[in-house]
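Just run-v9.cif here, mmCIF, C-alpha atoms:
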data_my_file
loop_
_atom_site.label_atom_id
_atom_site.label_comp_id
_atom_site.auth_asym_id
_atom_site.auth_seq_id
_atom_site.Cartn_x
_atom_site.Cartn_y
_atom_site.Cartn_z
CA MET T 364 98.97 96.43 84.81
CA ALA T 365 97.32 97.36 81.50
CA SER T 366 99.60 97.78 78.52
CA TRP T 367 99.77 101.19 76.89
CA THR T 368 98.68 101.36 73.27
CA LEU T 369 99.50 103.96 70.68
CA PRO T 370 96.85 106.38 69.51
CA GLN T 371 95.17 105.04 66.36
CA PRO T 372 96.67 107.67 64.01
CA MET T 373 100.25 106.82 65.00
CA ASP T 374 99.52 103.10 64.79
CA ARG T 375 98.16 103.69 61.27
CA ALA T 376 101.20 105.80 60.34
CA LEU T 377 103.45 102.92 61.41
CA ALA T 378 101.42 100.50 59.26
CA LEU T 379 101.84 102.89 56.31
CA ALA T 380 105.59 103.02 56.97
CA ALA T 381 105.71 99.22 56.78
CA GLN T 382 103.87 99.40 53.43
CA ALA T 383 106.47 101.87 52.17
CA ALA T 384 109.29 99.52 53.16
CA ALA T 385 107.61 96.64 51.32
CA LEU T 386 107.63 98.82 48.19
CA GLY T 387 111.32 99.69 48.58
CA GLU T 388 110.62 103.19 49.91
CA VAL T 389 112.16 104.57 53.10
CA PRO T 390 109.62 103.48 55.75
CA VAL T 391 107.84 106.67 56.74
CA GLY T 392 104.09 107.01 57.13
CA ALA T 393 101.91 110.04 57.84
CA VAL T 394 98.29 110.59 58.85
CA VAL T 395 96.37 113.89 59.02
CA THR T 396 93.47 114.03 61.45
CA ARG T 397 90.88 116.63 62.38
CA GLY T 398 89.26 115.85 65.69
CA SER T 399 88.97 112.08 65.78
CA LYS T 400 88.56 111.74 62.00
CA VAL T 401 91.33 110.68 59.59
CA ILE T 402 91.36 113.22 56.74
CA ALA T 403 94.32 111.88 54.73
CA GLU T 404 97.20 109.44 54.90
CA ALA T 405 100.27 108.53 52.87
CA HIS T 406 103.59 106.75 52.96
CA ASN T 407 106.87 107.80 51.41
CA GLY T 408 106.70 107.62 47.64
CA PRO T 409 109.66 109.32 45.89
CA ARG T 410 110.52 106.17 43.91
CA GLU T 411 106.91 105.23 43.17
CA HIS T 412 106.01 108.74 41.98
CA HIS T 413 109.44 109.61 40.49
CA ASP T 414 109.24 112.73 42.66
CA PRO T 415 111.86 113.70 45.25
CA THR T 416 109.24 115.76 47.09
CA ALA T 417 106.87 112.80 47.57
CA HIS T 418 107.62 112.42 51.27
CA ALA T 419 104.82 110.95 53.39
CA GLU T 420 104.14 114.30 55.07
CA ILE T 421 103.90 116.22 51.79
CA LEU T 422 101.57 113.66 50.21
CA ALA T 423 99.34 113.53 53.31
CA ILE T 424 99.19 117.34 53.55
CA ARG T 425 98.30 117.65 49.84
CA ARG T 426 95.55 115.05 50.19
CA ALA T 427 94.17 116.68 53.35
CA ALA T 428 94.06 120.13 51.73
CA GLU T 429 92.30 118.68 48.70
CA THR T 430 89.81 116.75 50.86
CA LEU T 431 89.00 119.81 52.95
CA GLY T 432 89.10 122.26 50.04
CA ASP T 433 91.43 124.53 52.00
CA GLU T 434 95.18 125.06 52.07
CA ARG T 435 95.02 126.01 55.76
CA LEU T 436 94.95 122.97 58.03
CA SER T 437 95.13 124.85 61.33
CA ASP T 438 92.59 122.60 63.05
CA CYS T 439 94.40 119.45 61.91
CA GLU T 440 97.06 117.23 63.43
CA LEU T 441 99.87 115.48 61.56
CA TRP T 442 101.08 112.11 62.84
CA VAL T 443 104.34 110.94 61.24
CA THR T 444 106.77 108.15 62.03
CA LEU T 445 109.99 110.17 61.58
CA GLU T 446 111.03 113.69 62.51
CA PRO T 447 110.23 115.85 59.46
CA CYS T 448 113.02 117.14 57.23
CA ALA T 449 113.37 120.85 56.38
CA MET T 450 111.12 120.54 53.31
CA CYS T 451 108.35 118.83 55.26
CA ALA T 452 108.70 121.18 58.23
CA GLY T 453 108.28 124.08 55.80
CA ALA T 454 105.13 122.49 54.38
CA ILE T 455 103.79 122.03 57.93
CA VAL T 456 104.36 125.75 58.54
CA HIS T 457 102.65 126.82 55.30
CA ALA T 458 99.70 124.47 55.89
CA ARG T 459 99.38 125.88 59.43
CA ILE T 460 99.15 122.37 60.92
CA GLY T 461 98.00 122.80 64.53
CA LYS T 462 99.82 119.85 66.13
CA LEU T 463 102.67 117.63 64.98
CA TYR T 464 103.28 114.21 66.48
CA TYR T 465 106.33 112.25 65.35
CA ALA T 466 107.71 108.93 66.51
CA ALA T 467 111.46 108.70 65.89
CA SER T 468 113.97 111.54 65.98
CA ASP T 469 116.24 111.98 62.97
CA PRO T 470 119.58 113.50 64.02
CA LYS T 471 120.90 113.26 60.46
CA GLY T 472 118.01 114.68 58.40
CA GLY T 473 115.43 116.00 60.84
CA ALA T 474 114.67 119.71 61.03
CA VAL T 475 112.42 120.01 64.08
CA GLU T 476 114.65 119.13 67.04
CA HIS T 477 117.79 118.70 64.91
CA GLY T 478 119.46 120.51 62.02
CA ALA T 479 117.62 123.62 60.85
CA ARG T 480 115.09 123.57 63.72
CA VAL T 481 112.64 125.23 61.37
CA PHE T 482 109.97 126.05 63.96
CA GLU T 483 112.51 127.93 66.12
CA GLN T 484 113.59 130.34 63.38
CA PRO T 485 112.45 133.97 63.72
CA GLN T 486 111.20 133.84 60.11
CA CYS T 487 108.85 130.96 60.90
CA LEU T 488 105.30 132.14 60.19
CA HIS T 489 103.59 129.45 62.26
CA ARG T 490 104.69 127.12 65.04
CA PRO T 491 102.70 123.94 65.61
CA GLU T 492 102.57 122.23 68.96
CA VAL T 493 105.14 119.43 68.74
CA TYR T 494 105.08 116.05 70.50
CA SER T 495 107.75 113.42 69.87
CA GLY T 496 108.65 109.88 70.87
CA MET T 497 105.24 108.22 70.56
CA GLY T 498 105.92 104.89 68.82
CA GLU T 499 109.62 105.68 68.57
CA GLY T 500 110.78 102.10 69.13
CA ARG T 501 108.62 100.65 66.36
CA ALA T 502 109.51 103.43 63.93
CA ALA T 503 113.24 103.08 64.63
CA GLU T 504 113.02 99.31 64.21
CA LEU T 505 111.38 99.69 60.77
CA LEU T 506 114.03 102.19 59.65
CA GLN T 507 116.96 100.15 60.99
CA ALA T 508 115.73 96.94 59.35
CA PHE T 509 115.17 98.75 56.05
CA PHE T 510 118.68 100.22 55.91
CA ARG T 511 120.35 97.08 57.30
CA ALA T 512 118.86 95.09 54.40
CA ARG T 513 120.42 97.53 51.93
CA ARG T 514 123.97 97.36 53.26
#
Written as structure tokens, how would this file's structure read?
Amino acid sequence: MASWTLPQPMDRALALAAQAAALGEVPVGAVVTRGSKVIAEAHNGPREHHDPTAHAEILAIRRAAETLGDERLSDCELWVTLEPCAMCAGAIVHARIGKLYYAASDPKGGAVEHGARVFEQPQCLHRPEVYSGMGEGRAAELLQAFFRARR
């Protein structure tokens, strides 16, 4: 039986999350694609950038918009290793991301399937297609190891 492999963008997002952990950042990575092409990528960087908004998703969305010269990313997909928080979910809405893929759920801080459930609110201007669980084990392992080392 052939082993199943992750799509390249999620595999790359997980590698970016590992880079974040090595820098002392919470291990979250994000990749923006359009078709089969990677447009932008980032890992968490609040400490590195001295910016509480420098989440992987925000940085990747900013870079993608700059690369494409357009604030609307409706034909793009966002691949991220952790369920987006309310701030990042809001940015996904405003960028009009077409599809969101995330690895691990975040019952404490997530805002897609937990907490605020941003995309389910009647005020939500745009609802991306959402797919979760792809690479969940690897993402959860990175997060657990990171926080275990800090306790």
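Here, the PyMOL selection byres ((chain T and resi 436) around 7) matches T:Ala428, T:Glu434, T:Arg435, T:Ser437, T:Asp438, T:Cys439, T:Ala458, T:Arg459, T:Ile460.
Listed by chain and then by number, the residues chosen by the PyMOL selection byres ((chain T and resi 474) around 8) in this file are T:Glu446, T:Pro447, T:Cys448, T:Ala449, T:Ala452, T:Gly472, T:Gly473, T:Val475, T:Glu476, T:His477, T:Gly478, T:Ala479, T:Arg480, T:Val481.
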Length of the atom CA of Ala384 of chain T to atom CA of Tyr465 of chain T vector [Å]: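 Value for the atom CA of Ala384 of chain T-atom CA of Tyr465 of chain T distance: 17.9 Å.
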For the point (91.2, 115.1, 57.3) in the file's frame, write as a list in words all residues with an atom no more than 10 Å away, counting all atoms listed in the file.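 Every residue inside that radius is included here: Val394, Val395, Thr396, Arg397, Gly398, Ser399, Lys400, Val401, Ile402, Ala403, Glu404, Ala423, Ile424, Arg426, Ala427, Ala428, Glu429, Thr430, Leu431, Leu436, Asp438, Cys439, Glu440 and Leu441 of chain T.
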At a cut-off of 12 Å around the point (105.7, 101.7, 69.1) (file coordinates), what residues fall inside when counting all atoms listed in the file? I'd like the answer as a PyMOL selection string. chain T and resi 366-378+444+465-467+495-505
Requested write-out: C-alpha atoms of the selected residues, as a PDB file, in the frame of the given file:
ATOM      1  CA  SER T 366      99.600  97.780  78.520  1.00  0.00           C
ATOM      2  CA  TRP T 367      99.770 101.190  76.890  1.00  0.00           C
ATOM      3  CA  THR T 368      98.680 101.360  73.270  1.00  0.00           C
ATOM      4  CA  LEU T 369      99.500 103.960  70.680  1.00  0.00           C
ATOM      5  CA  PRO T 370      96.850 106.380  69.510  1.00  0.00           C
ATOM      6  CA  GLN T 371      95.170 105.040  66.360  1.00  0.00           C
ATOM      7  CA  PRO T 372      96.670 107.670  64.010  1.00  0.00           C
ATOM      8  CA  MET T 373     100.250 106.820  65.000  1.00  0.00           C
ATOM      9  CA  ASP T 374      99.520 103.100  64.790  1.00  0.00           C
ATOM     10  CA  ARG T 375      98.160 103.690  61.270  1.00  0.00           C
ATOM     11  CA  ALA T 376     101.200 105.800  60.340  1.00  0.00           C
ATOM     12  CA  LEU T 377     103.450 102.920  61.410  1.00  0.00           C
ATOM     13  CA  ALA T 378     101.420 100.500  59.260  1.00  0.00           C
ATOM     14  CA  THR T 444     106.770 108.150  62.030  1.00  0.00           C
ATOM     15  CA  TYR T 465     106.330 112.250  65.350  1.00  0.00           C
ATOM     16  CA  ALA T 466     107.710 108.930  66.510  1.00  0.00           C
ATOM     17  CA  ALA T 467     111.460 108.700  65.890  1.00  0.00           C
ATOM     18  CA  SER T 495     107.750 113.420  69.870  1.00  0.00           C
ATOM     19  CA  GLY T 496     108.650 109.880  70.870  1.00  0.00           C
ATOM     20  CA  MET T 497     105.240 108.220  70.560  1.00  0.00           C
ATOM     21  CA  GLY T 498     105.920 104.890  68.820  1.00  0.00           C
ATOM     22  CA  GLU T 499     109.620 105.680  68.570  1.00  0.00           C
ATOM     23  CA  GLY T 500     110.780 102.100  69.130  1.00  0.00           C
ATOM     24  CA  ARG T 501     108.620 100.650  66.360  1.00  0.00           C
ATOM     25  CA  ALA T 502     109.510 103.430  63.930  1.00  0.00           C
ATOM     26  CA  ALA T 503     113.240 103.080  64.630  1.00  0.00           C
ATOM     27  CA  GLU T 504     113.020  99.310  64.210  1.00  0.00           C
ATOM     28  CA  LEU T 505     111.380  99.690  60.770  1.00  0.00           C
TER      29      LEU T 505
END
For the structure provided, state which residues fall under the PyMOL selection byres ((chain T and resi 380) around 6), and present them as a ChimeraX atom specification. /T:377-379,381-383,390-392,406
Interatomic distance (Å, one decimal) between atom CA of Arg425 of chain T and atom CA of Leu488 of chain T: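 Interatomic distance, atom CA of Arg425 of chain T to atom CA of Leu488 of chain T: 19.1 Å.
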Closest of T:Gln484, T:Leu506, T:Ala393, T:Gly432 to Tyr464 of chain T - atom-to-atom distances counting all atoms listed in the file: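 That would be T:Ala393, the residue with the smallest distance to Tyr464 of chain T.
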One decimal, Å: what's the distance from atom CA of Gly387 of chain T over to atom CA of Glu420 of chain T, could you say?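 Rounded to one decimal, the two atoms are 17.5 Å apart.
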Nearest to Tyr494 of chain T: which of T:Thr416, T:Lys462, T:Pro409, T:Arg511 is it, counting all atoms listed in the file?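 Once distances to Tyr494 of chain T are computed over all atoms listed in the file, the minimum belongs to T:Lys462.
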Proximity to Leu445 of chain T - best of T:Asp433, T:Asp469, T:Asp414, T:Glu492, all atoms listed in the file: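 Of T:Asp433, T:Asp469, T:Asp414, T:Glu492, the one nearest Leu445 of chain T, counting all atoms listed in the file, is T:Asp469.
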Mind dumping segment 410-432 of chain T from that block, keeping N, CA, C and O atoms, as a PDB file, in the first residue's frame?
ATOM      1  N   ARG T 410       7.691  38.076  17.784  1.00  0.00           N
ATOM      2  CA  ARG T 410       8.902  38.445  18.541  1.00  0.00           C
ATOM      3  C   ARG T 410       9.957  39.030  17.620  1.00  0.00           C
ATOM      4  O   ARG T 410      10.580  40.044  17.928  1.00  0.00           O
ATOM      5  N   GLU T 411      10.165  38.391  16.484  1.00  0.00           N
ATOM      6  CA  GLU T 411      11.165  38.842  15.516  1.00  0.00           C
ATOM      7  C   GLU T 411      10.873  40.252  15.021  1.00  0.00           C
ATOM      8  O   GLU T 411      11.779  41.078  14.893  1.00  0.00           O
ATOM      9  N   HIS T 412       9.609  40.534  14.736  1.00  0.00           N
ATOM     10  CA  HIS T 412       9.218  41.830  14.172  1.00  0.00           C
ATOM     11  C   HIS T 412       8.750  42.835  15.228  1.00  0.00           C
ATOM     12  O   HIS T 412       8.405  43.962  14.858  1.00  0.00           O
ATOM     13  N   HIS T 413       8.699  42.417  16.498  1.00  0.00           N
ATOM     14  CA  HIS T 413       8.172  43.266  17.569  1.00  0.00           C
ATOM     15  C   HIS T 413       6.793  43.782  17.173  1.00  0.00           C
ATOM     16  O   HIS T 413       6.490  44.971  17.257  1.00  0.00           O
ATOM     17  N   ASP T 414       5.944  42.850  16.725  1.00  0.00           N
ATOM     18  CA  ASP T 414       4.638  43.181  16.174  1.00  0.00           C
ATOM     19  C   ASP T 414       3.646  42.080  16.547  1.00  0.00           C
ATOM     20  O   ASP T 414       3.740  40.963  16.034  1.00  0.00           O
ATOM     21  N   PRO T 415       2.692  42.373  17.416  1.00  0.00           N
ATOM     22  CA  PRO T 415       1.735  41.340  17.817  1.00  0.00           C
ATOM     23  C   PRO T 415       0.848  40.857  16.681  1.00  0.00           C
ATOM     24  O   PRO T 415       0.214  39.812  16.798  1.00  0.00           O
ATOM     25  N   THR T 416       0.788  41.584  15.575  1.00  0.00           N
ATOM     26  CA  THR T 416      -0.023  41.153  14.434  1.00  0.00           C
ATOM     27  C   THR T 416       0.769  40.317  13.431  1.00  0.00           C
ATOM     28  O   THR T 416       0.222  39.907  12.409  1.00  0.00           O
ATOM     29  N   ALA T 417       2.018  40.036  13.698  1.00  0.00           N
ATOM     30  CA  ALA T 417       2.875  39.323  12.741  1.00  0.00           C
ATOM     31  C   ALA T 417       2.670  37.809  12.803  1.00  0.00           C
ATOM     32  O   ALA T 417       3.620  37.037  12.895  1.00  0.00           O
ATOM     33  N   HIS T 418       1.410  37.402  12.731  1.00  0.00           N
ATOM     34  CA  HIS T 418       1.101  35.973  12.648  1.00  0.00           C
ATOM     35  C   HIS T 418       1.452  35.489  11.245  1.00  0.00           C
ATOM     36  O   HIS T 418       1.460  36.275  10.288  1.00  0.00           O
ATOM     37  N   ALA T 419       1.716  34.210  11.115  1.00  0.00           N
ATOM     38  CA  ALA T 419       2.113  33.632   9.825  1.00  0.00           C
ATOM     39  C   ALA T 419       1.110  33.971   8.728  1.00  0.00           C
ATOM     40  O   ALA T 419       1.497  34.348   7.610  1.00  0.00           O
ATOM     41  N   GLU T 420      -0.182  33.863   9.029  1.00  0.00           N
ATOM     42  CA  GLU T 420      -1.211  34.129   8.028  1.00  0.00           C
ATOM     43  C   GLU T 420      -1.173  35.581   7.557  1.00  0.00           C
ATOM     44  O   GLU T 420      -1.260  35.860   6.355  1.00  0.00           O
ATOM     45  N   ILE T 421      -1.058  36.495   8.496  1.00  0.00           N
ATOM     46  CA  ILE T 421      -1.045  37.930   8.170  1.00  0.00           C
ATOM     47  C   ILE T 421       0.159  38.250   7.290  1.00  0.00           C
ATOM     48  O   ILE T 421       0.027  38.926   6.257  1.00  0.00           O
ATOM     49  N   LEU T 422       1.330  37.765   7.692  1.00  0.00           N
ATOM     50  CA  LEU T 422       2.544  38.036   6.911  1.00  0.00           C
ATOM     51  C   LEU T 422       2.443  37.436   5.513  1.00  0.00           C
ATOM     52  O   LEU T 422       2.808  38.087   4.526  1.00  0.00           O
ATOM     53  N   ALA T 423       1.928  36.210   5.403  1.00  0.00           N
ATOM     54  CA  ALA T 423       1.802  35.567   4.090  1.00  0.00           C
ATOM     55  C   ALA T 423       0.783  36.299   3.220  1.00  0.00           C
ATOM     56  O   ALA T 423       1.012  36.502   2.020  1.00  0.00           O
ATOM     57  N   ILE T 424      -0.333  36.721   3.797  1.00  0.00           N
ATOM     58  CA  ILE T 424      -1.348  37.462   3.043  1.00  0.00           C
ATOM     59  C   ILE T 424      -0.777  38.794   2.560  1.00  0.00           C
ATOM     60  O   ILE T 424      -0.979  39.181   1.401  1.00  0.00           O
ATOM     61  N   ARG T 425      -0.068  39.506   3.428  1.00  0.00           N
ATOM     62  CA  ARG T 425       0.542  40.790   3.023  1.00  0.00           C
ATOM     63  C   ARG T 425       1.510  40.589   1.860  1.00  0.00           C
ATOM     64  O   ARG T 425       1.502  41.350   0.894  1.00  0.00           O
ATOM     65  N   ARG T 426       2.339  39.573   1.967  1.00  0.00           N
ATOM     66  CA  ARG T 426       3.332  39.306   0.910  1.00  0.00           C
ATOM     67  C   ARG T 426       2.650  38.895  -0.394  1.00  0.00           C
ATOM     68  O   ARG T 426       3.092  39.301  -1.472  1.00  0.00           O
ATOM     69  N   ALA T 427       1.595  38.105  -0.302  1.00  0.00           N
ATOM     70  CA  ALA T 427       0.874  37.676  -1.506  1.00  0.00           C
ATOM     71  C   ALA T 427       0.220  38.876  -2.189  1.00  0.00           C
ATOM     72  O   ALA T 427       0.301  39.018  -3.418  1.00  0.00           O
ATOM     73  N   ALA T 428      -0.415  39.741  -1.422  1.00  0.00           N
ATOM     74  CA  ALA T 428      -1.065  40.924  -1.992  1.00  0.00           C
ATOM     75  C   ALA T 428      -0.039  41.831  -2.664  1.00  0.00           C
ATOM     76  O   ALA T 428      -0.278  42.358  -3.761  1.00  0.00           O
ATOM     77  N   GLU T 429       1.110  41.986  -2.026  1.00  0.00           N
ATOM     78  CA  GLU T 429       2.174  42.805  -2.613  1.00  0.00           C
ATOM     79  C   GLU T 429       2.702  42.165  -3.905  1.00  0.00           C
ATOM     80  O   GLU T 429       2.876  42.845  -4.914  1.00  0.00           O
ATOM     81  N   THR T 430       2.937  40.864  -3.868  1.00  0.00           N
ATOM     82  CA  THR T 430       3.445  40.153  -5.047  1.00  0.00           C
ATOM     83  C   THR T 430       2.477  40.271  -6.223  1.00  0.00           C
ATOM     84  O   THR T 430       2.899  40.507  -7.357  1.00  0.00           O
ATOM     85  N   LEU T 431       1.193  40.119  -5.939  1.00  0.00           N
ATOM     86  CA  LEU T 431       0.189  40.149  -6.999  1.00  0.00           C
ATOM     87  C   LEU T 431      -0.276  41.561  -7.354  1.00  0.00           C
ATOM     88  O   LEU T 431      -0.956  41.758  -8.352  1.00  0.00           O
ATOM     89  N   GLY T 432       0.063  42.534  -6.500  1.00  0.00           N
ATOM     90  CA  GLY T 432      -0.373  43.910  -6.747  1.00  0.00           C
ATOM     91  C   GLY T 432      -1.871  44.066  -6.608  1.00  0.00           C
ATOM     92  O   GLY T 432      -2.488  44.881  -7.290  1.00  0.00           O
TER      93      GLY T 432
END
